[in-house]
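Enquirer: Below is a structure I'd like to ask you about.
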Amino acid sequence: MPRDESKEKRAAKEAAKATAAPVPVAAPKGKGKAPAAAEPVAEEVREKKKEKISQKERPKSKKKHTKVKIWTLYEVKGNTLSRRRENCPRCGPGTFLAAFKNRKYCGKCGFGEIKTVA
């Protein structure tokens with residue numbers, strides 16, 4: 001009995017292949033015209049492509065760089081100034097290390113320290 005079922009499945013697959021539309025064949029690149037069956041497919045692809053937007057209509061890019069707010073790096077206590085961030089050991093005073101969750105980084109020379117979790 002199992003063999004009869006597999007024959008029925010094969011027959012159904014063959015019937016489905018026979019009723020299916022023929023697969024379009026693309027023309028070889030740079031040689032002649034494409035076969036007649038491939039033309040409708042090419043037209044469908046052309047319709048789906050996005051139209052190019054002119055430069056004036058495109059959204060402007062976001063602001064990439066912001067100026068450093070130097071007043072946030074210092075703190076005034078009475079008559080004295082104190083630095084809030086750590087100085088870079090390579091560059092010296094005046095160049096601060098950027099503080100992240102697990103590391104400190106100097107944007108000028110590339111020095112980095114990773115905080116160890118203890």
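Residue numbering restarts at 1 in every chain; chains get A, B, ... in the order shown in the structure tokens, and ligands count up from 1 in that same order.
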So that I can see what lies close to Cys88 (chain A), please list as a ChimeraX atom specification the residues with an atom at most 12 Å from it, counting only C-alpha atoms and leaving out residues fewer than 2 positions away in the same chain.

Expert: /A:85-86,90-99,104-113

Enquirer: List the neighbours of Leu81 (chain A) out to 12 Å using only C-alpha atoms; skip same-chain residues closer than 6 positions along the sequence, and give me the result as a PyMOL selection string.

Expert: chain A and resi 71-75

Enquirer: Using Å and a single decimal, report how far CA of Asn102 (chain A) sits from CA of Arg83 (chain A).

Expert: 20.8 Å

Enquirer: Could you check how far CA of Phe100 (chain A) sits from CA of Lys69 (chain A), in Å to one decimal?

Expert: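 Separation between CA of Phe100 (chain A) and CA of Lys69 (chain A): 17.4 Å.
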
Enquirer: Please compute the CA of Val68 (chain A)-CA of Arg84 (chain A) distance, one decimal, in Å.

Expert: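 Between CA of Val68 (chain A) and CA of Arg84 (chain A) the gap is 14.3 Å.
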